[in-house]
file data_4.csv (CSV, N, CA and C atoms)
chain,number,residue,atom,x,y,z
N,464,MET,N,-19.5,12.8,3.2
N,464,MET,CA,-19.7,11.4,3.6
N,464,MET,C,-18.5,11.0,4.4
N,465,THR,N,-18.9,10.4,5.6
N,465,THR,CA,-17.8,9.9,6.5
N,465,THR,C,-17.8,8.4,6.4
N,466,VAL,N,-16.7,7.8,6.1
N,466,VAL,CA,-16.5,6.4,6.0
N,466,VAL,C,-15.7,5.9,7.2
N,467,GLU,N,-16.1,5.0,8.0
N,467,GLU,CA,-15.3,4.5,9.1
N,467,GLU,C,-14.6,3.3,8.6
N,468,ALA,N,-13.3,3.4,8.5
N,468,ALA,CA,-12.4,2.4,8.1
N,468,ALA,C,-12.2,1.4,9.2
N,469,THR,N,-12.3,0.1,8.8
N,469,THR,CA,-12.0,-0.9,9.8
N,469,THR,C,-10.5,-1.3,9.6
N,470,PRO,N,-9.7,-1.0,10.7
N,470,PRO,CA,-8.3,-1.3,10.6
N,470,PRO,C,-8.0,-2.8,10.3
N,471,LEU,N,-7.1,-3.0,9.4
N,471,LEU,CA,-6.7,-4.4,9.2
N,471,LEU,C,-5.7,-4.8,10.3
N,472,PRO,N,-5.7,-6.1,10.6
N,472,PRO,CA,-4.8,-6.5,11.7
N,472,PRO,C,-3.3,-6.3,11.2
N,473,VAL,N,-2.5,-5.7,12.0
N,473,VAL,CA,-1.1,-5.5,11.7
N,473,VAL,C,-0.3,-6.2,12.7
N,474,ALA,N,0.4,-7.2,12.3
N,474,ALA,CA,1.3,-8.0,13.2
N,474,ALA,C,2.6,-7.4,13.3
N,475,VAL,N,2.9,-6.7,14.4
N,475,VAL,CA,4.2,-6.1,14.6
N,475,VAL,C,5.1,-7.1,15.3
N,476,PRO,N,6.3,-7.4,14.6
N,476,PRO,CA,7.2,-8.4,15.2
N,476,PRO,C,7.6,-8.1,16.6
N,477,THR,N,7.7,-9.1,17.4
N,477,THR,CA,8.2,-8.9,18.8
N,477,THR,C,9.4,-9.7,19.1
N,478,VAL,N,9.9,-10.4,18.1
N,478,VAL,CA,11.1,-11.3,18.3
N,478,VAL,C,12.2,-10.8,17.4
N,479,GLN,N,13.4,-11.3,17.6
N,479,GLN,CA,14.6,-10.9,16.7
N,479,GLN,C,14.3,-11.5,15.4
N,480,LEU,N,14.5,-10.7,14.3
N,480,LEU,CA,14.3,-11.1,12.9
N,480,LEU,C,15.6,-11.6,12.3
N,481,SER,N,15.5,-12.5,11.4
N,481,SER,CA,16.7,-13.0,10.7
N,481,SER,C,16.3,-13.4,9.2
N,482,LEU,N,17.3,-13.3,8.4
N,482,LEU,CA,17.1,-13.7,7.0
N,482,LEU,C,17.5,-15.1,6.8
N,483,VAL,N,16.6,-15.9,6.3
N,483,VAL,CA,16.9,-17.4,6.1
N,483,VAL,C,16.8,-17.9,4.7
N,484,ARG,N,16.2,-17.1,3.8
N,484,ARG,CA,16.1,-17.5,2.4
N,484,ARG,C,15.7,-16.3,1.5
N,485,PRO,N,15.9,-16.4,0.2
N,485,PRO,CA,15.4,-15.3,-0.6
N,485,PRO,C,13.9,-15.0,-0.5
N,486,ALA,N,13.5,-13.8,-0.6
N,486,ALA,CA,12.1,-13.4,-0.5
N,486,ALA,C,11.3,-14.0,-1.7
N,487,ASP,N,10.1,-14.4,-1.4
N,487,ASP,CA,9.1,-14.9,-2.4
N,487,ASP,C,8.3,-13.7,-2.9
N,488,ARG,N,8.4,-13.3,-4.1
N,488,ARG,CA,7.7,-12.2,-4.7
N,488,ARG,C,6.7,-12.6,-5.7
N,489,SER,N,6.2,-13.8,-5.6
N,489,SER,CA,5.3,-14.4,-6.7
N,489,SER,C,4.0,-13.7,-6.8
N,490,ASP,N,3.5,-13.0,-5.7
N,490,ASP,CA,2.3,-12.2,-5.8
N,490,ASP,C,2.5,-10.7,-5.8
N,491,LYS,N,3.4,-10.3,-6.6
N,491,LYS,CA,3.9,-8.9,-6.6
N,491,LYS,C,2.8,-7.9,-6.7
N,492,PRO,N,1.8,-8.1,-7.6
N,492,PRO,CA,0.7,-7.0,-7.7
N,492,PRO,C,0.0,-6.8,-6.3
N,493,HIS,N,0.0,-7.8,-5.4
N,493,HIS,CA,-0.7,-7.7,-4.2
N,493,HIS,C,0.2,-7.6,-3.0
N,494,LEU,N,1.5,-7.4,-3.3
N,494,LEU,CA,2.5,-7.4,-2.2
N,494,LEU,C,3.0,-6.0,-2.0
N,495,PRO,N,2.7,-5.4,-0.8
N,495,PRO,CA,3.1,-4.0,-0.5
N,495,PRO,C,4.6,-3.9,0.0
N,496,VAL,N,5.5,-4.2,-1.0
N,496,VAL,CA,6.9,-4.1,-0.7
N,496,VAL,C,7.6,-3.5,-1.9
N,497,ARG,N,8.5,-2.6,-1.6
N,497,ARG,CA,9.4,-2.0,-2.7
N,497,ARG,C,10.8,-2.2,-2.2
N,498,GLY,N,11.8,-1.7,-2.9
N,498,GLY,CA,13.2,-1.8,-2.5
N,498,GLY,C,13.5,-1.0,-1.3
N,499,ASP,N,12.8,0.0,-1.0
N,499,ASP,CA,13.0,0.9,0.1
N,499,ASP,C,12.0,0.9,1.3
N,500,LEU,N,10.9,0.2,1.1
N,500,LEU,CA,9.8,0.3,2.0
N,500,LEU,C,8.9,-0.9,1.9
N,501,ALA,N,8.3,-1.3,3.0
N,501,ALA,CA,7.3,-2.4,3.0
N,501,ALA,C,6.3,-2.1,4.1
N,502,HIS,N,5.2,-2.8,4.0
N,502,HIS,CA,4.1,-2.8,5.0
N,502,HIS,C,4.7,-3.4,6.3
N,503,ILE,N,4.4,-2.9,7.4
N,503,ILE,CA,4.9,-3.4,8.7
N,503,ILE,C,4.6,-4.8,8.9
N,504,GLY,N,3.5,-5.3,8.4
N,504,GLY,CA,3.2,-6.7,8.5
N,504,GLY,C,4.1,-7.7,7.8
N,505,LEU,N,4.9,-7.1,6.9
N,505,LEU,CA,5.9,-8.0,6.2
N,505,LEU,C,7.3,-8.0,6.8
N,506,ALA,N,7.4,-7.3,7.9
N,506,ALA,CA,8.7,-7.4,8.6
N,506,ALA,C,9.0,-8.8,9.1
N,507,GLY,N,10.2,-9.3,8.9
N,507,GLY,CA,10.5,-10.7,9.2
N,507,GLY,C,10.4,-11.6,8.0
N,508,ARG,N,9.7,-11.1,6.9
N,508,ARG,CA,9.6,-11.9,5.7
N,508,ARG,C,10.4,-11.2,4.6
N,509,TYR,N,10.4,-9.8,4.6
N,509,TYR,CA,11.1,-9.0,3.6
N,509,TYR,C,12.0,-8.0,4.3
N,510,PHE,N,13.2,-7.9,3.8
N,510,PHE,CA,14.2,-7.0,4.4
N,510,PHE,C,14.3,-5.8,3.5
N,511,VAL,N,13.9,-4.7,4.1
N,511,VAL,CA,14.0,-3.4,3.5
N,511,VAL,C,14.4,-2.4,4.5
N,512,PRO,N,14.9,-1.2,4.1
N,512,PRO,CA,15.4,-0.2,5.1
N,512,PRO,C,14.3,0.3,6.0
N,513,HIS,N,13.0,0.4,5.5
N,513,HIS,CA,12.0,1.0,6.3
N,513,HIS,C,10.7,0.2,6.2
N,514,TYR,N,9.9,0.2,7.3
N,514,TYR,CA,8.6,-0.4,7.3
N,514,TYR,C,7.6,0.6,7.7
N,515,ALA,N,6.4,0.6,7.1
N,515,ALA,CA,5.4,1.6,7.4
N,515,ALA,C,4.1,1.0,7.9
N,516,VAL,N,3.4,1.6,8.8
N,516,VAL,CA,2.1,1.3,9.3
N,516,VAL,C,1.1,1.9,8.3
N,517,PRO,N,0.2,1.2,7.7
N,517,PRO,CA,-0.8,1.7,6.8
N,517,PRO,C,-1.7,2.8,7.4
N,518,MET,N,-1.9,3.9,6.6
N,518,MET,CA,-2.8,4.9,7.0
N,518,MET,C,-4.0,4.9,6.1
N,519,ALA,N,-5.2,4.5,6.7
N,519,ALA,CA,-6.4,4.4,5.8
N,519,ALA,C,-6.9,5.8,5.3
N,520,HIS,N,-7.1,5.8,4.0
N,520,HIS,CA,-7.7,7.0,3.4
N,520,HIS,C,-8.9,6.6,2.5
N,521,VAL,N,-9.8,7.5,2.3
N,521,VAL,CA,-11.0,7.3,1.5
N,521,VAL,C,-10.8,8.0,0.2
N,522,VAL,N,-11.2,7.3,-0.9
N,522,VAL,CA,-11.2,7.9,-2.2
N,522,VAL,C,-12.4,8.9,-2.3
N,523,LYS,N,-12.1,10.2,-2.5
N,523,LYS,CA,-13.2,11.2,-2.6
N,523,LYS,C,-13.9,11.2,-3.9
N,524,ALA,N,-13.2,10.9,-5.0
N,524,ALA,CA,-13.8,10.8,-6.3
N,524,ALA,C,-13.1,9.7,-7.1
N,525,GLY,N,-13.9,8.9,-7.9
N,525,GLY,CA,-13.3,7.8,-8.6
N,525,GLY,C,-12.0,8.2,-9.3
N,526,THR,N,-11.1,7.3,-9.3
N,526,THR,CA,-9.8,7.6,-9.9
N,526,THR,C,-9.0,6.3,-10.2
N,527,ALA,N,-7.9,6.5,-10.9
N,527,ALA,CA,-7.2,5.3,-11.3
N,527,ALA,C,-6.1,4.9,-10.3
N,528,LEU,N,-5.9,3.7,-10.1
N,528,LEU,CA,-4.8,3.1,-9.3
N,528,LEU,C,-3.8,2.8,-10.4
N,529,ARG,N,-2.6,3.4,-10.2
N,529,ARG,CA,-1.6,3.4,-11.2
N,529,ARG,C,-0.3,2.6,-10.8
N,530,GLY,N,0.4,2.1,-11.8
N,530,GLY,CA,1.6,1.3,-11.6
N,530,GLY,C,2.8,2.2,-11.3
N,531,ALA,N,2.7,3.5,-11.5
N,531,ALA,CA,3.8,4.4,-11.2
N,531,ALA,C,3.2,5.7,-10.7
N,532,GLY,N,3.9,6.5,-9.9
N,532,GLY,CA,3.4,7.7,-9.3
N,532,GLY,C,3.5,8.9,-10.3
N,533,LYS,N,2.8,8.8,-11.4
N,533,LYS,CA,2.7,9.9,-12.4
N,533,LYS,C,1.5,9.7,-13.3
N,534,PRO,N,1.0,10.8,-13.8
N,534,PRO,CA,-0.3,10.7,-14.6
N,534,PRO,C,-0.3,9.6,-15.7
N,535,GLU,N,0.9,9.4,-16.3
N,535,GLU,CA,1.0,8.5,-17.5
N,535,GLU,C,1.3,7.1,-17.0
N,536,GLY,N,1.4,6.8,-15.7
N,536,GLY,CA,1.6,5.5,-15.2
N,536,GLY,C,0.5,4.5,-15.6
N,537,GLU,N,0.9,3.3,-15.8
N,537,GLU,CA,-0.1,2.3,-16.2
N,537,GLU,C,-1.3,2.2,-15.3
N,538,GLU,N,-2.5,2.3,-15.9
N,538,GLU,CA,-3.7,2.2,-15.1
N,538,GLU,C,-4.0,0.7,-14.7
N,539,LEU,N,-3.9,0.4,-13.4
N,539,LEU,CA,-4.1,-1.0,-13.0
N,539,LEU,C,-5.6,-1.3,-12.8
N,540,ARG,N,-6.4,-0.4,-12.3
N,540,ARG,CA,-7.8,-0.5,-12.2
N,540,ARG,C,-8.4,0.8,-11.7
N,541,LEU,N,-9.7,1.0,-11.7
N,541,LEU,CA,-10.3,2.2,-11.2
N,541,LEU,C,-10.7,1.9,-9.7
N,542,LEU,N,-10.5,3.0,-8.9
N,542,LEU,CA,-10.9,3.0,-7.5
N,542,LEU,C,-12.2,3.8,-7.5
N,543,ALA,N,-13.2,3.2,-6.8
N,543,ALA,CA,-14.5,3.9,-6.7
N,543,ALA,C,-14.5,4.9,-5.6
N,544,GLN,N,-15.4,5.9,-5.7
N,544,GLN,CA,-15.6,6.9,-4.7
N,544,GLN,C,-16.0,6.1,-3.4
N,545,GLY,N,-15.4,6.4,-2.3
N,545,GLY,CA,-15.8,5.8,-1.0
N,545,GLY,C,-14.9,4.6,-0.7
N,546,GLU,N,-14.1,4.1,-1.7
N,546,GLU,CA,-13.2,3.0,-1.5
N,546,GLU,C,-12.1,3.4,-0.5
N,547,VAL,N,-11.6,2.4,0.3
N,547,VAL,CA,-10.6,2.7,1.2
N,547,VAL,C,-9.2,2.2,0.7
N,548,PHE,N,-8.2,3.1,0.7
N,548,PHE,CA,-6.9,2.9,0.2
N,548,PHE,C,-5.9,3.1,1.4
N,549,ASP,N,-5.1,2.1,1.7
N,549,ASP,CA,-4.1,2.2,2.8
N,549,ASP,C,-2.8,2.8,2.3
N,550,VAL,N,-2.5,4.0,2.7
N,550,VAL,CA,-1.3,4.7,2.3
N,550,VAL,C,-0.1,4.3,3.1
N,551,LEU,N,0.9,3.9,2.4
N,551,LEU,CA,2.2,3.6,3.0
N,551,LEU,C,3.3,4.6,2.8
N,552,ASP,N,3.2,5.4,1.7
N,552,ASP,CA,4.2,6.4,1.5
N,552,ASP,C,3.5,7.5,0.6
N,553,ILE,N,4.0,8.7,0.8
N,553,ILE,CA,3.5,9.9,0.1
N,553,ILE,C,4.8,10.6,-0.4
N,554,ALA,N,4.8,10.9,-1.7
N,554,ALA,CA,5.9,11.6,-2.3
N,554,ALA,C,5.4,12.3,-3.6
N,555,GLY,N,5.8,13.5,-3.8
N,555,GLY,CA,5.5,14.2,-5.1
N,555,GLY,C,4.0,14.3,-5.4
N,556,GLY,N,3.1,14.3,-4.4
N,556,GLY,CA,1.7,14.4,-4.7
N,556,GLY,C,1.0,13.1,-4.9
N,557,TRP,N,1.8,12.0,-4.8
N,557,TRP,CA,1.3,10.6,-5.0
N,557,TRP,C,1.4,9.8,-3.8
N,558,ALA,N,0.4,9.0,-3.6
N,558,ALA,CA,0.4,8.0,-2.4
N,558,ALA,C,0.6,6.6,-3.0
N,559,TRP,N,1.5,5.9,-2.3
N,559,TRP,CA,1.8,4.5,-2.7
N,559,TRP,C,1.2,3.7,-1.6
N,560,GLY,N,0.4,2.7,-1.9
N,560,GLY,CA,-0.2,1.8,-0.9
N,560,GLY,C,-1.0,0.7,-1.5
N,561,GLN,N,-2.1,0.3,-0.8
N,561,GLN,CA,-2.8,-0.9,-1.2
N,561,GLN,C,-4.3,-0.7,-1.0
N,562,ALA,N,-5.1,-1.0,-2.0
N,562,ALA,CA,-6.5,-1.0,-1.9
N,562,ALA,C,-7.0,-2.0,-0.9
N,563,GLN,N,-7.9,-1.7,0.0
N,563,GLN,CA,-8.4,-2.7,1.0
N,563,GLN,C,-9.3,-3.7,0.4
N,564,SER,N,-10.0,-3.4,-0.7
N,564,SER,CA,-11.0,-4.3,-1.3
N,564,SER,C,-10.4,-5.5,-1.9
N,565,ASP,N,-9.3,-5.3,-2.7
N,565,ASP,CA,-8.7,-6.5,-3.3
N,565,ASP,C,-7.2,-6.6,-3.1
N,566,LEU,N,-6.6,-5.7,-2.2
N,566,LEU,CA,-5.2,-5.7,-1.8
N,566,LEU,C,-4.2,-5.4,-3.0
N,567,LEU,N,-4.7,-4.8,-4.1
N,567,LEU,CA,-3.9,-4.5,-5.2
N,567,LEU,C,-3.0,-3.3,-4.8
N,568,VAL,N,-1.7,-3.3,-5.1
N,568,VAL,CA,-0.8,-2.3,-4.7
N,568,VAL,C,-0.5,-1.3,-5.9
N,569,GLY,N,-0.4,0.0,-5.6
N,569,GLY,CA,-0.2,1.0,-6.7
N,569,GLY,C,-0.1,2.4,-6.1
N,570,TYR,N,-0.2,3.3,-7.0
N,570,TYR,CA,-0.1,4.7,-6.7
N,570,TYR,C,-1.5,5.4,-7.0
N,571,VAL,N,-1.8,6.4,-6.1
N,571,VAL,CA,-3.0,7.2,-6.3
N,571,VAL,C,-2.7,8.7,-6.1
N,572,ASP,N,-3.2,9.5,-6.9
N,572,ASP,CA,-3.1,11.0,-6.7
N,572,ASP,C,-3.6,11.4,-5.4
N,573,MET,N,-2.8,12.0,-4.5
N,573,MET,CA,-3.2,12.4,-3.2
N,573,MET,C,-4.4,13.4,-3.2
N,574,ALA,N,-4.6,14.1,-4.3
N,574,ALA,CA,-5.7,15.1,-4.4
N,574,ALA,C,-7.0,14.5,-4.2
N,575,VAL,N,-7.2,13.2,-4.5
N,575,VAL,CA,-8.5,12.5,-4.4
N,575,VAL,C,-8.6,11.6,-3.2
N,576,LEU,N,-7.7,11.8,-2.3
N,576,LEU,CA,-7.7,11.0,-1.0
N,576,LEU,C,-7.9,11.9,0.2
N,577,GLU,N,-8.6,11.4,1.2
N,577,GLU,CA,-8.7,12.1,2.5
N,577,GLU,C,-8.6,11.1,3.6
N,578,ALA,N,-7.9,11.5,4.6
N,578,ALA,CA,-7.7,10.6,5.8
N,578,ALA,C,-9.1,10.0,6.3
N,579,ALA,N,-9.1,8.7,6.6
N,579,ALA,CA,-10.3,8.1,7.1
N,579,ALA,C,-10.5,8.6,8.6
N,580,ALA,N,-11.7,8.8,8.9
N,580,ALA,CA,-12.0,9.3,10.3
N,580,ALA,C,-11.8,8.1,11.3
call {"tool": "encode", "arguments": {"input": "data_4.csv", "output": "structure tokens"}}
result
Amino acid sequence: MTVEATPLPVAVPTVQLSLVRPADRSDKPHLPVRGDLAHIGLAGRYFVPHYAVPMAHVVKAGTALRGAGKPEGEELRLLAQGEVFDVLDIAGGWAWGQAQSDLLVGYVDMAVLEAAA
């Protein structure tokens, strides 16, 4: 099954960025930012060492979206087969990113993901 992912608009900053106040993290479960990495669309709002452009992947088989990149990580919700997950980082066989359907952020086993065409 081929799923054509619709890219989400990504606003890449074109002006000089500056820090003006502490970052608001009130919507943390839906905020793709960690201490070391954030979604490129958050540049200018969150200061981290690296920003990533999301890479759309399709879930090959239903699986859990987890709060940590390990099998015993808290299960946040189930991702259905065919659902699109935007990968921002891959390490140790786990992808960190954001589900396109509800923007929930977490970790998914890379074995059940394939790059969207």
call {"tool": "residues_around", "arguments": {"input": "data_4.csv", "residues": "segment 564-576 of chain N", "least_positions_apart": "6", "cutoff": "6 Å", "atoms": "all atoms listed in the file", "output": "NGL selection string"}}
result
:N and (492-495 or 520-524 or 527-532 or 547 or 556-558)
call {"tool": "atom_distance", "arguments": {"input": "data_4.csv", "atom1": "atom CA of Tyr509 of chain N", "atom2": "atom N of Gln479 of chain N"}}
result
14.4 Å
call {"tool": "atom_distance", "arguments": {"input": "data_4.csv", "atom1": "atom CA of Arg540 of chain N", "atom2": "atom CA of Ala554 of chain N"}}
result
20.8 Å
call {"tool": "residues_near_point", "arguments": {"input": "data_4.csv", "point": "(4.4, 1.5, 1.2)", "cutoff": "8 Å", "atoms": "only C-alpha atoms", "output": "number ranges by chain"}}
result
N: 495-497, 500-502, 514-515, 517, 550-552, 559-561
call {"tool": "atom_distance", "arguments": {"input": "data_4.csv", "atom1": "atom N of Lys491 of chain N", "atom2": "atom CA of Glu546 of chain N"}}
result
21.9 Å
call {"tool": "select_by_dssp", "arguments": {"input": "data_4.csv", "residues": "segment 471-579 of chain N", "states": "strand (DSSP E or B)", "output": "ChimeraX atom specification"}}
result
/N:496,500-502,513-515,518-522,526-529,538-542,547-554,557-562,568-572,576-578
call {"tool": "write_last_selection", "arguments": {"input": "data_4.csv", "atoms": "N, CA and C atoms", "output": "short mmCIF file (atom, residue, chain, number, x, y, z; two decimals), in the coordinates of the input"}}
result
data_model
loop_
_atom_site.label_atom_id
_atom_site.label_comp_id
_atom_site.auth_asym_id
_atom_site.auth_seq_id
_atom_site.Cartn_x
_atom_site.Cartn_y
_atom_site.Cartn_z
N VAL N 496 5.50 -4.20 -1.00
CA VAL N 496 6.90 -4.10 -0.70
C VAL N 496 7.60 -3.50 -1.90
N LEU N 500 10.90 0.20 1.10
CA LEU N 500 9.80 0.30 2.00
C LEU N 500 8.90 -0.90 1.90
N ALA N 501 8.30 -1.30 3.00
CA ALA N 501 7.30 -2.40 3.00
C ALA N 501 6.30 -2.10 4.10
N HIS N 502 5.20 -2.80 4.00
CA HIS N 502 4.10 -2.80 5.00
C HIS N 502 4.70 -3.40 6.30
N HIS N 513 13.00 0.40 5.50
CA HIS N 513 12.00 1.00 6.30
C HIS N 513 10.70 0.20 6.20
N TYR N 514 9.90 0.20 7.30
CA TYR N 514 8.60 -0.40 7.30
C TYR N 514 7.60 0.60 7.70
N ALA N 515 6.40 0.60 7.10
CA ALA N 515 5.40 1.60 7.40
C ALA N 515 4.10 1.00 7.90
N MET N 518 -1.90 3.90 6.60
CA MET N 518 -2.80 4.90 7.00
C MET N 518 -4.00 4.90 6.10
N ALA N 519 -5.20 4.50 6.70
CA ALA N 519 -6.40 4.40 5.80
C ALA N 519 -6.90 5.80 5.30
N HIS N 520 -7.10 5.80 4.00
CA HIS N 520 -7.70 7.00 3.40
C HIS N 520 -8.90 6.60 2.50
N VAL N 521 -9.80 7.50 2.30
CA VAL N 521 -11.00 7.30 1.50
C VAL N 521 -10.80 8.00 0.20
N VAL N 522 -11.20 7.30 -0.90
CA VAL N 522 -11.20 7.90 -2.20
C VAL N 522 -12.40 8.90 -2.30
N THR N 526 -11.10 7.30 -9.30
CA THR N 526 -9.80 7.60 -9.90
C THR N 526 -9.00 6.30 -10.20
N ALA N 527 -7.90 6.50 -10.90
CA ALA N 527 -7.20 5.30 -11.30
C ALA N 527 -6.10 4.90 -10.30
N LEU N 528 -5.90 3.70 -10.10
CA LEU N 528 -4.80 3.10 -9.30
C LEU N 528 -3.80 2.80 -10.40
N ARG N 529 -2.60 3.40 -10.20
CA ARG N 529 -1.60 3.40 -11.20
C ARG N 529 -0.30 2.60 -10.80
N GLU N 538 -2.50 2.30 -15.90
CA GLU N 538 -3.70 2.20 -15.10
C GLU N 538 -4.00 0.70 -14.70
N LEU N 539 -3.90 0.40 -13.40
CA LEU N 539 -4.10 -1.00 -13.00
C LEU N 539 -5.60 -1.30 -12.80
N ARG N 540 -6.40 -0.40 -12.30
CA ARG N 540 -7.80 -0.50 -12.20
C ARG N 540 -8.40 0.80 -11.70
N LEU N 541 -9.70 1.00 -11.70
CA LEU N 541 -10.30 2.20 -11.20
C LEU N 541 -10.70 1.90 -9.70
N LEU N 542 -10.50 3.00 -8.90
CA LEU N 542 -10.90 3.00 -7.50
C LEU N 542 -12.20 3.80 -7.50
N VAL N 547 -11.60 2.40 0.30
CA VAL N 547 -10.60 2.70 1.20
C VAL N 547 -9.20 2.20 0.70
N PHE N 548 -8.20 3.10 0.70
CA PHE N 548 -6.90 2.90 0.20
C PHE N 548 -5.90 3.10 1.40
N ASP N 549 -5.10 2.10 1.70
CA ASP N 549 -4.10 2.20 2.80
C ASP N 549 -2.80 2.80 2.30
N VAL N 550 -2.50 4.00 2.70
CA VAL N 550 -1.30 4.70 2.30
C VAL N 550 -0.10 4.30 3.10
N LEU N 551 0.90 3.90 2.40
CA LEU N 551 2.20 3.60 3.00
C LEU N 551 3.30 4.60 2.80
N ASP N 552 3.20 5.40 1.70
CA ASP N 552 4.20 6.40 1.50
C ASP N 552 3.50 7.50 0.60
N ILE N 553 4.00 8.70 0.80
CA ILE N 553 3.50 9.90 0.10
C ILE N 553 4.80 10.60 -0.40
N ALA N 554 4.80 10.90 -1.70
CA ALA N 554 5.90 11.60 -2.30
C ALA N 554 5.40 12.30 -3.60
N TRP N 557 1.80 12.00 -4.80
CA TRP N 557 1.30 10.60 -5.00
C TRP N 557 1.40 9.80 -3.80
N ALA N 558 0.40 9.00 -3.60
CA ALA N 558 0.40 8.00 -2.40
C ALA N 558 0.60 6.60 -3.00
N TRP N 559 1.50 5.90 -2.30
CA TRP N 559 1.80 4.50 -2.70
C TRP N 559 1.20 3.70 -1.60
N GLY N 560 0.40 2.70 -1.90
CA GLY N 560 -0.20 1.80 -0.90
C GLY N 560 -1.00 0.70 -1.50
N GLN N 561 -2.10 0.30 -0.80
CA GLN N 561 -2.80 -0.90 -1.20
C GLN N 561 -4.30 -0.70 -1.00
N ALA N 562 -5.10 -1.00 -2.00
CA ALA N 562 -6.50 -1.00 -1.90
C ALA N 562 -7.00 -2.00 -0.90
N VAL N 568 -1.70 -3.30 -5.10
CA VAL N 568 -0.80 -2.30 -4.70
C VAL N 568 -0.50 -1.30 -5.90
N GLY N 569 -0.40 0.00 -5.60
CA GLY N 569 -0.20 1.00 -6.70
C GLY N 569 -0.10 2.40 -6.10
N TYR N 570 -0.20 3.30 -7.00
CA TYR N 570 -0.10 4.70 -6.70
C TYR N 570 -1.50 5.40 -7.00
N VAL N 571 -1.80 6.40 -6.10
CA VAL N 571 -3.00 7.20 -6.30
C VAL N 571 -2.70 8.70 -6.10
N ASP N 572 -3.20 9.50 -6.90
CA ASP N 572 -3.10 11.00 -6.70
C ASP N 572 -3.60 11.40 -5.40
N LEU N 576 -7.70 11.80 -2.30
CA LEU N 576 -7.70 11.00 -1.00
C LEU N 576 -7.90 11.90 0.20
N GLU N 577 -8.60 11.40 1.20
CA GLU N 577 -8.70 12.10 2.50
C GLU N 577 -8.60 11.10 3.60
N ALA N 578 -7.90 11.50 4.60
CA ALA N 578 -7.70 10.60 5.80
C ALA N 578 -9.10 10.00 6.30
#
call {"tool": "closest_residue", "arguments": {"input": "data_4.csv", "among": "N:Glu537, N:Ala579, N:Ala519, N:Thr526", "to": "Gln563 of chain N", "atoms": "only C-alpha atoms"}}
result
N:Ala519
call {"tool": "closest_residue", "arguments": {"input": "data_4.csv", "among": "N:Gly555, N:Gly536, N:Ala562, N:Gly498", "to": "Phe510 of chain N", "atoms": "only C-alpha atoms"}}
result
N:Gly498
call {"tool": "decode", "arguments": {"input": "data_4.csv", "residues": "segment 552-563 of chain N", "atoms": "N, CA, C and O atoms", "output": "mmCIF file, in the first residue's frame"}}
result
data_model
loop_
_atom_site.group_PDB
_atom_site.id
_atom_site.type_symbol
_atom_site.label_atom_id
_atom_site.label_comp_id
_atom_site.auth_asym_id
_atom_site.auth_seq_id
_atom_site.Cartn_x
_atom_site.Cartn_y
_atom_site.Cartn_z
ATOM 1 N N ASP N 552 14.095 12.444 14.500
ATOM 2 C CA ASP N 552 15.380 11.896 14.935
ATOM 3 C C ASP N 552 15.273 10.375 14.969
ATOM 4 O O ASP N 552 14.200 9.830 15.269
ATOM 5 N N ILE N 553 16.381 9.705 14.655
ATOM 6 C CA ILE N 553 16.452 8.244 14.712
ATOM 7 C C ILE N 553 17.699 7.875 15.509
ATOM 8 O O ILE N 553 18.796 8.343 15.210
ATOM 9 N N ALA N 554 17.513 7.041 16.529
ATOM 10 C CA ALA N 554 18.645 6.576 17.347
ATOM 11 C C ALA N 554 18.281 5.250 17.996
ATOM 12 O O ALA N 554 17.171 5.096 18.526
ATOM 13 N N GLY N 555 19.207 4.297 17.949
ATOM 14 C CA GLY N 555 19.008 3.027 18.625
ATOM 15 C C GLY N 555 17.801 2.248 18.153
ATOM 16 O O GLY N 555 17.191 1.523 18.943
ATOM 17 N N GLY N 556 17.417 2.394 16.895
ATOM 18 C CA GLY N 556 16.267 1.667 16.363
ATOM 19 C C GLY N 556 14.930 2.318 16.660
ATOM 20 O O GLY N 556 13.878 1.754 16.359
ATOM 21 N N TRP N 557 14.958 3.507 17.245
ATOM 22 C CA TRP N 557 13.723 4.217 17.584
ATOM 23 C C TRP N 557 13.670 5.555 16.851
ATOM 24 O O TRP N 557 14.692 6.240 16.709
ATOM 25 N N ALA N 558 12.485 5.940 16.423
ATOM 26 C CA ALA N 558 12.262 7.234 15.782
ATOM 27 C C ALA N 558 11.540 8.136 16.766
ATOM 28 O O ALA N 558 10.566 7.720 17.399
ATOM 29 N N TRP N 559 12.020 9.352 16.890
ATOM 30 C CA TRP N 559 11.333 10.364 17.710
ATOM 31 C C TRP N 559 10.677 11.334 16.747
ATOM 32 O O TRP N 559 11.297 11.777 15.768
ATOM 33 N N GLY N 560 9.425 11.653 16.992
ATOM 34 C CA GLY N 560 8.736 12.577 16.109
ATOM 35 C C GLY N 560 7.309 12.829 16.545
ATOM 36 O O GLY N 560 6.986 12.760 17.732
ATOM 37 N N GLN N 561 6.453 13.080 15.550
ATOM 38 C CA GLN N 561 5.108 13.564 15.817
ATOM 39 C C GLN N 561 4.108 12.905 14.869
ATOM 40 O O GLN N 561 4.325 12.875 13.652
ATOM 41 N N ALA N 562 3.015 12.391 15.419
ATOM 42 C CA ALA N 562 1.938 11.831 14.611
ATOM 43 C C ALA N 562 1.217 12.965 13.899
ATOM 44 O O ALA N 562 0.865 13.966 14.530
ATOM 45 N N GLN N 563 0.995 12.828 12.602
ATOM 46 C CA GLN N 563 0.330 13.902 11.856
ATOM 47 C C GLN N 563 -1.138 14.045 12.239
ATOM 48 O O GLN N 563 -1.681 15.141 12.198
#
